[in-house]
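Asks: You'll find protein24.pdb just under this line, and it carries PDB, C-alpha atoms.
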MODEL        1
ATOM      1  CA  MET A   1      10.903  34.310  36.410
ATOM      2  CA  VAL A   2       9.997  34.925  40.069
ATOM      3  CA  LEU A   3       8.512  38.315  39.182
ATOM      4  CA  PHE A   4       6.449  36.714  36.403
ATOM      5  CA  ILE A   5       5.061  34.107  38.811
ATOM      6  CA  LEU A   6       4.205  36.767  41.398
ATOM      7  CA  LYS A   7       2.352  38.824  38.782
ATOM      8  CA  ARG A   8       0.308  35.811  37.724
ATOM      9  CA  LEU A   9      -0.545  35.012  41.343
ATOM     10  CA  LEU A  10      -1.637  38.600  41.986
ATOM     11  CA  LEU A  11      -4.000  38.281  39.018
ATOM     12  CA  LEU A  12      -5.891  35.724  41.099
ATOM     13  CA  ILE A  13      -7.363  38.539  43.193
ATOM     14  CA  PRO A  14      -9.471  40.239  40.472
ATOM     15  CA  VAL A  15     -10.282  36.841  38.954
ATOM     16  CA  ILE A  16     -11.658  35.525  42.259
ATOM     17  CA  ILE A  17     -13.674  38.729  42.822
ATOM     18  CA  ALA A  18     -15.186  38.578  39.331
ATOM     19  CA  VAL A  19     -15.955  34.840  39.453
ATOM     20  CA  SER A  20     -17.428  34.958  42.954
ATOM     21  CA  PHE A  21     -19.689  37.911  42.139
ATOM     22  CA  VAL A  22     -20.989  36.349  38.916
ATOM     23  CA  VAL A  23     -21.713  33.031  40.650
ATOM     24  CA  PHE A  24     -23.361  34.778  43.588
ATOM     25  CA  ALA A  25     -25.564  36.830  41.246
ATOM     26  CA  LEU A  26     -26.567  33.772  39.204
ATOM     27  CA  LEU A  27     -27.534  31.877  42.363
ATOM     28  CA  GLU A  28     -29.557  34.896  43.449
ATOM     29  CA  ALA A  29     -31.407  34.928  40.131
ATOM     30  CA  ALA A  30     -32.264  31.223  40.337
ATOM     31  CA  PRO A  31     -35.696  30.355  41.762
ATOM     32  CA  GLY A  32     -35.829  29.458  45.462
ATOM     33  CA  ASP A  33     -33.148  29.819  48.131
ATOM     34  CA  ILE A  34     -31.485  27.897  50.957
ATOM     35  CA  VAL A  35     -34.414  28.546  53.317
ATOM     36  CA  ASP A  36     -36.792  26.857  50.867
ATOM     37  CA  THR A  37     -34.496  23.827  50.797
ATOM     38  CA  ILE A  38     -34.345  23.632  54.601
ATOM     39  CA  VAL A  39     -38.130  23.982  54.866
ATOM     40  CA  ALA A  40     -38.665  21.232  52.278
ATOM     41  CA  ARG A  41     -36.384  18.912  54.243
ATOM     42  CA  ALA A  42     -37.870  19.776  57.615
ATOM     43  CA  GLY A  43     -41.476  19.161  56.664
ATOM     44  CA  GLU A  44     -43.682  20.715  59.376
ATOM     45  CA  ILE A  45     -42.372  24.175  60.265
ATOM     46  CA  THR A  46     -44.043  27.309  61.578
ATOM     47  CA  PRO A  47     -43.997  30.703  59.863
ATOM     48  CA  GLU A  48     -42.030  32.065  62.851
ATOM     49  CA  ASP A  49     -39.328  29.455  62.275
ATOM     50  CA  ILE A  50     -39.204  30.383  58.587
ATOM     51  CA  GLU A  51     -38.681  34.053  59.464
ATOM     52  CA  ARG A  52     -35.956  33.081  61.945
ATOM     53  CA  LEU A  53     -34.183  30.997  59.282
ATOM     54  CA  ARG A  54     -34.368  33.859  56.792
ATOM     55  CA  ALA A  55     -32.822  36.198  59.351
ATOM     56  CA  GLU A  56     -30.058  33.682  60.220
ATOM     57  CA  HIS A  57     -29.096  33.329  56.552
ATOM     58  CA  HIS A  58     -29.548  37.086  55.888
ATOM     59  CA  MET A  59     -32.172  36.327  53.264
ATOM     60  CA  ASP A  60     -34.092  39.383  54.498
ATOM     61  CA  ARG A  61     -31.205  41.591  53.353
ATOM     62  CA  SER A  62     -30.002  42.517  49.875
ATOM     63  CA  MET A  63     -27.739  40.351  47.710
ATOM     64  CA  PHE A  64     -24.922  42.886  48.008
ATOM     65  CA  PHE A  65     -25.075  42.716  51.791
ATOM     66  CA  ARG A  66     -24.789  38.911  51.769
ATOM     67  CA  TYR A  67     -22.015  39.066  49.172
ATOM     68  CA  GLY A  68     -20.121  41.584  51.313
ATOM     69  CA  ILE A  69     -20.361  39.299  54.344
ATOM     70  CA  TYR A  70     -19.101  36.346  52.319
ATOM     71  CA  MET A  71     -16.143  38.276  50.872
ATOM     72  CA  SER A  72     -15.179  39.698  54.278
ATOM     73  CA  ASN A  73     -15.046  36.154  55.639
ATOM     74  CA  LEU A  74     -13.090  35.036  52.566
ATOM     75  CA  LEU A  75     -10.457  37.722  53.202
ATOM     76  CA  ARG A  76      -9.856  36.088  56.587
ATOM     77  CA  GLY A  77      -9.458  32.702  54.897
ATOM     78  CA  ASP A  78     -12.874  31.488  56.022
ATOM     79  CA  LEU A  79     -14.835  29.688  53.307
ATOM     80  CA  GLY A  80     -17.658  29.038  55.731
ATOM     81  CA  VAL A  81     -19.598  25.897  56.532
ATOM     82  CA  SER A  82     -22.147  24.021  54.460
ATOM     83  CA  ASP A  83     -25.687  25.328  54.759
ATOM     84  CA  ILE A  84     -26.946  21.731  54.672
ATOM     85  CA  THR A  85     -24.421  19.555  56.534
ATOM     86  CA  GLY A  86     -22.774  22.175  58.754
ATOM     87  CA  LEU A  87     -19.320  20.875  57.774
ATOM     88  CA  SER A  88     -16.382  23.066  56.785
ATOM     89  CA  VAL A  89     -16.311  23.807  53.045
ATOM     90  CA  TRP A  90     -12.496  23.812  53.085
ATOM     91  CA  ASN A  91     -12.348  20.362  54.709
ATOM     92  CA  ALA A  92     -14.969  18.968  52.335
ATOM     93  CA  PHE A  93     -13.060  20.312  49.312
ATOM     94  CA  MET A  94      -9.663  19.051  50.486
ATOM     95  CA  GLN A  95     -11.163  15.647  51.272
ATOM     96  CA  ARG A  96     -12.437  15.295  47.695
ATOM     97  CA  LEU A  97      -9.514  17.012  45.917
ATOM     98  CA  PRO A  98      -7.110  13.994  45.909
ATOM     99  CA  ASN A  99      -9.711  11.903  44.072
ATOM    100  CA  THR A 100     -10.159  14.565  41.387
ATOM    101  CA  LEU A 101      -6.390  15.034  40.996
ATOM    102  CA  LEU A 102      -5.892  11.273  40.718
ATOM    103  CA  LEU A 103      -8.559  11.019  38.022
ATOM    104  CA  SER A 104      -7.335  14.088  36.101
ATOM    105  CA  PHE A 105      -3.642  13.134  36.051
ATOM    106  CA  THR A 106      -4.420   9.517  35.157
ATOM    107  CA  ALA A 107      -6.531  10.767  32.249
ATOM    108  CA  LEU A 108      -3.712  13.147  31.262
ATOM    109  CA  ILE A 109      -1.115  10.353  31.208
ATOM    110  CA  PHE A 110      -3.439   8.094  29.244
ATOM    111  CA  GLY A 111      -4.276  10.869  26.785
ATOM    112  CA  LEU A 112      -0.657  11.865  26.129
ATOM    113  CA  ALA A 113       0.496   8.249  25.833
ATOM    114  CA  VAL A 114      -2.019   7.699  23.033
ATOM    115  CA  ALA A 115      -2.188  11.157  21.443
ATOM    116  CA  VAL A 116       1.500  11.929  20.867
ATOM    117  CA  PRO A 117       2.353   8.684  18.991
ATOM    118  CA  LEU A 118      -0.931   8.912  17.087
ATOM    119  CA  GLY A 119      -0.188  12.479  16.011
ATOM    120  CA  ILE A 120       3.360  11.575  14.935
ATOM    121  CA  ILE A 121       2.148   8.609  12.879
ATOM    122  CA  ALA A 122      -0.498  10.784  11.215
ATOM    123  CA  ALA A 123       2.050  13.511  10.373
ATOM    124  CA  ARG A 124       4.606  11.072   8.955
ATOM    125  CA  ASN A 125       1.895   9.507   6.769
ATOM    126  CA  ALA A 126       0.085  12.706   5.773
ATOM    127  CA  GLY A 127      -2.606  12.034   3.195
ATOM    128  CA  LYS A 128      -2.246   8.264   3.498
ATOM    129  CA  LEU A 129      -4.471   5.634   5.082
ATOM    130  CA  ALA A 130      -2.893   5.920   8.550
ATOM    131  CA  ASP A 131      -3.483   9.685   8.541
ATOM    132  CA  ASN A 132      -7.100   9.289   7.421
ATOM    133  CA  ILE A 133      -7.807   6.682  10.115
ATOM    134  CA  SER A 134      -6.193   8.875  12.787
ATOM    135  CA  THR A 135      -8.158  11.937  11.661
ATOM    136  CA  PHE A 136     -11.400   9.945  11.680
ATOM    137  CA  PHE A 137     -10.929   8.697  15.245
ATOM    138  CA  THR A 138      -9.854  12.101  16.569
ATOM    139  CA  LEU A 139     -12.898  13.762  15.015
ATOM    140  CA  VAL A 140     -15.161  11.096  16.510
ATOM    141  CA  GLY A 141     -13.511  11.540  19.910
ATOM    142  CA  MET A 142     -13.949  15.317  19.834
ATOM    143  CA  SER A 143     -17.572  15.204  18.666
ATOM    144  CA  MET A 144     -18.946  12.642  21.146
ATOM    145  CA  PRO A 145     -20.308  14.102  24.422
ATOM    146  CA  VAL A 146     -18.395  12.995  27.521
ATOM    147  CA  PHE A 147     -21.504  11.759  29.336
ATOM    148  CA  TRP A 148     -22.444   9.608  26.322
ATOM    149  CA  ILE A 149     -18.962   8.051  26.224
ATOM    150  CA  GLY A 150     -19.224   7.361  29.955
ATOM    151  CA  LEU A 151     -22.588   5.645  29.657
ATOM    152  CA  LEU A 152     -21.348   3.601  26.692
ATOM    153  CA  LEU A 153     -18.281   2.444  28.658
ATOM    154  CA  ILE A 154     -20.476   1.463  31.608
ATOM    155  CA  ILE A 155     -22.885  -0.497  29.393
ATOM    156  CA  VAL A 156     -20.116  -2.406  27.602
ATOM    157  CA  PHE A 157     -17.414  -3.017  30.217
ATOM    158  CA  SER A 158     -19.553  -3.129  33.338
ATOM    159  CA  GLY A 159     -23.009  -4.198  32.215
ATOM    160  CA  ARG A 160     -22.291  -6.610  29.350
ATOM    161  CA  LEU A 161     -18.783  -7.878  30.093
ATOM    162  CA  GLY A 162     -18.705  -7.341  33.848
ATOM    163  CA  TRP A 163     -14.986  -6.573  33.814
ATOM    164  CA  LEU A 164     -14.999  -3.282  35.694
ATOM    165  CA  PRO A 165     -17.175  -1.588  38.338
ATOM    166  CA  ALA A 166     -19.667   0.956  37.062
ATOM    167  CA  ALA A 167     -19.397   3.552  39.826
ATOM    168  CA  GLY A 168     -17.632   4.596  43.010
ATOM    169  CA  ASN A 169     -14.005   4.100  44.016
ATOM    170  CA  GLU A 170     -14.284   1.124  46.337
ATOM    171  CA  ALA A 171     -12.539  -1.253  43.907
ATOM    172  CA  GLY A 172      -9.264   0.692  43.886
ATOM    173  CA  ILE A 173      -7.445   0.928  40.571
ATOM    174  CA  ARG A 174     -10.208  -0.986  38.788
ATOM    175  CA  SER A 175     -12.678   1.796  39.661
ATOM    176  CA  LEU A 176     -10.334   4.374  38.116
ATOM    177  CA  ILE A 177     -10.034   2.793  34.660
ATOM    178  CA  LEU A 178     -13.404   3.673  33.134
ATOM    179  CA  PRO A 179     -13.614   7.322  34.316
ATOM    180  CA  ALA A 180      -9.953   7.902  33.349
ATOM    181  CA  ILE A 181     -10.557   6.550  29.835
ATOM    182  CA  CYS A 182     -13.732   8.597  29.496
ATOM    183  CA  SER A 183     -12.010  11.776  30.648
ATOM    184  CA  GLY A 184      -8.841  11.094  28.659
ATOM    185  CA  LEU A 185     -10.510  10.457  25.289
ATOM    186  CA  SER A 186     -11.317  14.115  24.691
ATOM    187  CA  LEU A 187      -7.751  15.033  25.637
ATOM    188  CA  THR A 188      -6.447  12.349  23.275
ATOM    189  CA  ALA A 189      -8.436  13.717  20.342
ATOM    190  CA  SER A 190      -7.451  17.381  20.764
ATOM    191  CA  THR A 191      -3.793  16.677  21.587
ATOM    192  CA  ALA A 192      -3.402  14.229  18.688
ATOM    193  CA  ARG A 193      -4.662  16.854  16.241
ATOM    194  CA  GLN A 194      -2.339  19.457  17.740
ATOM    195  CA  THR A 195       0.625  17.064  17.562
ATOM    196  CA  ARG A 196      -0.131  16.236  13.925
ATOM    197  CA  SER A 197      -0.386  19.911  12.974
ATOM    198  CA  SER A 198       2.874  20.835  14.733
ATOM    199  CA  MET A 199       4.780  17.873  13.327
ATOM    200  CA  LEU A 200       3.574  18.580   9.782
ATOM    201  CA  ASP A 201       5.039  22.086   9.944
ATOM    202  CA  LEU A 202       8.321  20.871  11.425
ATOM    203  CA  LEU A 203       8.815  17.976   9.023
ATOM    204  CA  LYS A 204       9.030  20.535   6.207
ATOM    205  CA  ALA A 205      11.648  22.634   8.027
ATOM    206  CA  ASP A 206      15.106  23.125   6.484
ATOM    207  CA  PHE A 207      17.032  21.955   9.551
ATOM    208  CA  LEU A 208      15.314  18.552   9.426
ATOM    209  CA  ARG A 209      16.159  18.112   5.759
ATOM    210  CA  THR A 210      19.755  19.068   6.580
ATOM    211  CA  ALA A 211      19.895  16.510   9.397
ATOM    212  CA  LYS A 212      18.577  13.787   7.082
ATOM    213  CA  ALA A 213      21.090  14.797   4.385
ATOM    214  CA  LYS A 214      23.906  14.368   6.912
ATOM    215  CA  GLY A 215      22.840  10.777   7.475
ATOM    216  CA  VAL A 216      21.044  11.157  10.803
ATOM    217  CA  PRO A 217      18.627   8.224  11.229
ATOM    218  CA  SER A 218      14.998   9.086  10.539
ATOM    219  CA  GLU A 219      13.834   7.971  14.006
ATOM    220  CA  THR A 220      16.425  10.220  15.653
ATOM    221  CA  VAL A 221      15.335  13.169  13.510
ATOM    222  CA  ILE A 222      11.708  12.646  14.526
ATOM    223  CA  ARG A 223      12.346  11.980  18.214
ATOM    224  CA  ARG A 224      15.088  14.486  19.001
ATOM    225  CA  HIS A 225      14.708  17.321  16.507
ATOM    226  CA  ALA A 226      11.092  17.425  15.322
ATOM    227  CA  LEU A 227       9.322  16.324  18.512
ATOM    228  CA  GLY A 228      11.639  18.452  20.648
ATOM    229  CA  ASN A 229      10.451  21.570  18.827
ATOM    230  CA  ALA A 230       6.805  20.493  18.820
ATOM    231  CA  TRP A 231       6.414  20.254  22.603
ATOM    232  CA  ILE A 232       5.215  23.860  23.089
ATOM    233  CA  PRO A 233       1.818  23.426  21.323
ATOM    234  CA  ILE A 234       1.491  19.906  22.751
ATOM    235  CA  VAL A 235       2.009  21.157  26.310
ATOM    236  CA  THR A 236      -0.432  23.998  25.611
ATOM    237  CA  ALA A 237      -3.124  21.557  24.480
ATOM    238  CA  ALA A 238      -2.443  19.196  27.393
ATOM    239  CA  GLY A 239      -2.513  22.035  29.925
ATOM    240  CA  ALA A 240      -5.780  23.388  28.546
ATOM    241  CA  SER A 241      -7.307  19.900  28.656
ATOM    242  CA  LEU A 242      -6.113  19.300  32.230
ATOM    243  CA  SER A 243      -7.576  22.650  33.321
ATOM    244  CA  ALA A 244     -10.854  21.774  31.618
ATOM    245  CA  GLN A 245     -10.900  18.404  33.385
ATOM    246  CA  LEU A 246     -10.358  20.005  36.786
ATOM    247  CA  ALA A 247     -12.944  22.717  36.178
ATOM    248  CA  GLY A 248     -15.437  20.539  34.319
ATOM    249  CA  SER A 249     -15.134  17.289  36.231
ATOM    250  CA  VAL A 250     -18.819  17.470  37.205
ATOM    251  CA  VAL A 251     -20.000  15.376  34.253
ATOM    252  CA  VAL A 252     -17.509  12.506  34.512
ATOM    253  CA  GLU A 253     -17.676  12.317  38.309
ATOM    254  CA  SER A 254     -21.471  12.372  38.258
ATOM    255  CA  VAL A 255     -21.713   9.638  35.616
ATOM    256  CA  PHE A 256     -19.303   7.335  37.468
ATOM    257  CA  ALA A 257     -20.278   8.479  41.005
ATOM    258  CA  TRP A 258     -16.627   9.391  41.558
ATOM    259  CA  PRO A 259     -16.221  11.199  44.929
ATOM    260  CA  GLY A 260     -14.367  14.281  43.693
ATOM    261  CA  ILE A 261     -14.833  18.042  43.757
ATOM    262  CA  GLY A 262     -17.003  17.954  40.637
ATOM    263  CA  ARG A 263     -19.548  15.716  42.317
ATOM    264  CA  LEU A 264     -19.295  17.862  45.457
ATOM    265  CA  ALA A 265     -20.277  20.904  43.383
ATOM    266  CA  ALA A 266     -23.119  19.006  41.707
ATOM    267  CA  GLU A 267     -24.513  17.914  45.075
ATOM    268  CA  ALA A 268     -24.249  21.472  46.388
ATOM    269  CA  VAL A 269     -26.144  22.871  43.382
ATOM    270  CA  PHE A 270     -28.863  20.234  43.791
ATOM    271  CA  ASN A 271     -29.242  21.101  47.503
ATOM    272  CA  ARG A 272     -29.014  24.893  46.953
ATOM    273  CA  ASP A 273     -26.001  24.931  49.286
ATOM    274  CA  VAL A 274     -24.742  28.395  48.341
ATOM    275  CA  THR A 275     -21.729  28.418  50.678
ATOM    276  CA  THR A 276     -20.407  25.114  49.353
ATOM    277  CA  ILE A 277     -21.025  26.164  45.740
ATOM    278  CA  MET A 278     -19.128  29.428  46.234
ATOM    279  CA  GLY A 279     -16.196  27.798  48.034
ATOM    280  CA  THR A 280     -15.895  24.976  45.523
ATOM    281  CA  ILE A 281     -15.958  27.302  42.511
ATOM    282  CA  ILE A 282     -13.444  29.722  44.034
ATOM    283  CA  LEU A 283     -10.986  26.958  44.932
ATOM    284  CA  THR A 284     -11.448  25.359  41.501
ATOM    285  CA  THR A 285     -10.706  28.740  39.905
ATOM    286  CA  VAL A 286      -7.460  28.909  41.904
ATOM    287  CA  LEU A 287      -6.549  25.422  40.667
ATOM    288  CA  TYR A 288      -7.299  26.438  37.079
ATOM    289  CA  VAL A 289      -5.026  29.489  37.266
ATOM    290  CA  LEU A 290      -2.245  27.494  38.940
ATOM    291  CA  VAL A 291      -2.332  24.861  36.188
ATOM    292  CA  GLN A 292      -2.047  27.578  33.538
ATOM    293  CA  LEU A 293       0.855  29.093  35.488
ATOM    294  CA  ILE A 294       2.641  25.729  35.581
ATOM    295  CA  VAL A 295       2.171  25.414  31.812
ATOM    296  CA  ASP A 296       3.690  28.868  31.273
ATOM    297  CA  VAL A 297       6.669  27.980  33.471
ATOM    298  CA  LEU A 298       7.153  24.711  31.587
ATOM    299  CA  TYR A 299       7.544  26.744  28.398
ATOM    300  CA  ALA A 300      10.769  28.191  29.795
ATOM    301  CA  PHE A 301      12.217  24.729  30.405
ATOM    302  CA  ILE A 302      11.149  23.441  26.989
ATOM    303  CA  ASP A 303      12.258  26.413  24.886
ATOM    304  CA  PRO A 304      15.382  28.397  25.948
ATOM    305  CA  ARG A 305      14.178  31.366  23.857
ATOM    306  CA  ILE A 306      11.169  31.806  26.164
ATOM    307  CA  LYS A 307      13.384  31.554  29.240
ATOM    308  CA  ALA A 308      15.578  34.307  27.759
ATOM    309  CA  GLN A 309      12.526  36.591  27.653
ATOM    310  CA  TYR A 310      12.112  36.204  31.419
ATOM    311  CA  THR A 311      15.784  36.845  32.192
ATOM    312  CA  GLY A 312      16.656  39.163  29.302
ATOM    313  CA  GLY A 313      15.520  42.299  31.098
ATOM    314  CA  LYS A 314      17.818  41.676  34.057
ATOM    315  CA  LYS A 315      20.794  40.920  31.830
ATOM    316  CA  ALA A 316      20.208  44.103  29.858
ATOM    317  CA  LYS A 317      20.125  46.197  33.022
ATOM    318  CA  ARG A 318      23.367  44.612  34.225
ATOM    319  CA  LYS A 319      25.087  45.417  30.943
ATOM    320  CA  VAL A 320      23.944  49.064  31.165
ATOM    321  CA  ALA A 321      25.175  49.308  34.765
ATOM    322  CA  MET A 322      28.563  47.802  33.835
ATOM    323  CA  ALA A 323      28.897  50.233  30.947
TER
ENDMDL
END
Go ahead and express the file in the form of C-alpha cells.
Replies:
Amino acid sequence: MVLFILKRLLLLIPVIIAVSFVVFALLEAAPGDIVDTIVARAGEITPEDIERLRAEHHMDRSMFFRYGIYMSNLLRGDLGVSDITGLSVWNAFMQRLPNTLLLSFTALIFGLAVAVPLGIIAARNAGKLADNISTFFTLVGMSMPVFWIGLLLIIVFSGRLGWLPAAGNEAGIRSLILPAICSGLSLTASTARQTRSSMLDLLKADFLRTAKAKGVPSETVIRRHALGNAWIPIVTAAGASLSAQLAGSVVVESVFAWPGIGRLAAEAVFNRDVTTIMGTIILTTVLYVLVQLIVDVLYAFIDPRIKAQYTGGKKAKRKVAMA
C-alpha cells in the first residue's frame, strides 16, 4: 500500500510539468500581457517605463525562457508573488483554501445524504412511479447548468423570500447554504444514478436471494449486504464529483461571491496575473490528484479483495522465501 501511494505521488511530477506548460502556453497565446494590464491601471506612463516593465517581467524574452525561470523557482518551492498585488501566491491560496474545502465537503455531505437514499428507493421500485420520479429529477439536475441553478436559488431564496444572503460569507452558516446546495445538486444527480445502477445489479444477485430465503429481514439485506457491495461505484462517483468541485469551483464561487480558490483564479485571469494563475492551477492540480489517491485508498478499506491486490505480492514473495 505504501509503495502504491508513493508511485501515485511521483506521478504528480509529470502531471505538474504538463499542466503548467499547457497553461503557460495558453496564456502566451491570449491577447495582451501583464505589462498591458499594469499600463492600463497606471494611466499616464512613458515609453521608457513601459520598456522597463517589459524587461522586469521578461516580456522581451521568449516564452520558453520565462517558463524556465518559473519552473526553476517552483523547484525551490517558490510560487512567486502576484504581478498585481505583490502578495505571495502561496499565502493567497492557503488563505482561500479553507473556504473552498468547507464549501466542497458541505456539498459532498449534502449530495450523498440525498443521493444514496434516492438511488436505493429507485432501485427497489424499478419501473414504478418512485423510480420514474427519481430518474426525472436526476436527469433535470444533471442537465441544468450550475450557474443557472445558482442564479435561480438567489432569485427565489434571497430576492423573493429574503431567507438567505445572496453572496459572500459574512453571515456564517447561512451564507454557506445556497452555494452548498447549488454545488451539491450535480453531485446528487450523478451519484443517485450510480447508486440506482449498482443496486439494481446487486438486487438480482444469488447471495441476496439466499439471504432473503433464510429469513433475513429485507431492510437488513438492503443495508448490510446490497449497499455494502455497492459502495465502490458510489465512492468513485462521489470522489469524481468532489474533484470536479475543487477544480471547477470557479463558477459557483463567482456566482455567490464566495472567497475561495476558484474566485481567486477568476480574479487572476481577469487581471492577467500570470503568476497567480499558474500557482493556483498547479496547487489545484495537486489537490485533484490527492483526492483521487484518497478514493483509491478507500477502495482497499471498502473491499478486502482490492486490499489483497496491494499486499498479495509481498505475501507471495514471503511464501517463496519460506519454501
Asks: Could you check the closest approach to Gly127 of chain A for each of A:Gln194, A:Leu200, A:Ser183, A:Phe93 and tell me which residue wins, using all atoms listed in the file?
Replies: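 The closest residue to Gly127 of chain A is A:Leu200.
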Asks: Got a sec: who's within 10 Å of segment 14-19 of chain A, counting only C-alpha atoms, leaving out chain neighbours fewer than 4 positions off, as a VMD selection string?
Replies: chain A and resid 10 23 to 25 71 278 281 to 283 285 to 286 289
Asks: Could you name the residues that touch Leu153 of chain A at 9 Å or less, counting all atoms listed in the file, but leaving out those on the same chain fewer than 2 positions away, as a VMD selection string?
Replies: chain A and resid 148 to 151 155 to 159 166 178 to 179 181 to 182
Asks: In Å, how far is it from atom CA of Asn91 of chain A to atom CA of Leu79 of chain A?
Replies: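 Between atom CA of Asn91 of chain A and atom CA of Leu79 of chain A the gap is 9.8 Å.
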Asks: Enter the distance from atom CA of Leu185 of chain A to atom CA of Asn169 of chain A, in Å, rounded to one decimal.
Replies: 20.1 Å
Asks: Of the candidates A:Glu170, A:Asp83, A:Glu253, A:Glu51, which one gets nearest to Ile38 of chain A if we count all atoms listed in the file?
Replies: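 Ranked by minimum distance to Ile38 of chain A, first place goes to A:Asp83.
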Asks: Could you pull out every residue with an atom within 12 Å of (-33.4, 34.2, 54.1), file coordinates, counting all atoms listed in the file, and send them as a ChimeraX atom specification?
Replies: /A:28,32-39,49-63,66,83,274
Asks: Counting all atoms listed in the file, which residue out of A:Leu103, A:Gly141, A:Val235, A:Ile133 sits closest to Val252 of chain A?
Replies: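 For Val252 of chain A, the nearest of the given residues is A:Leu103.
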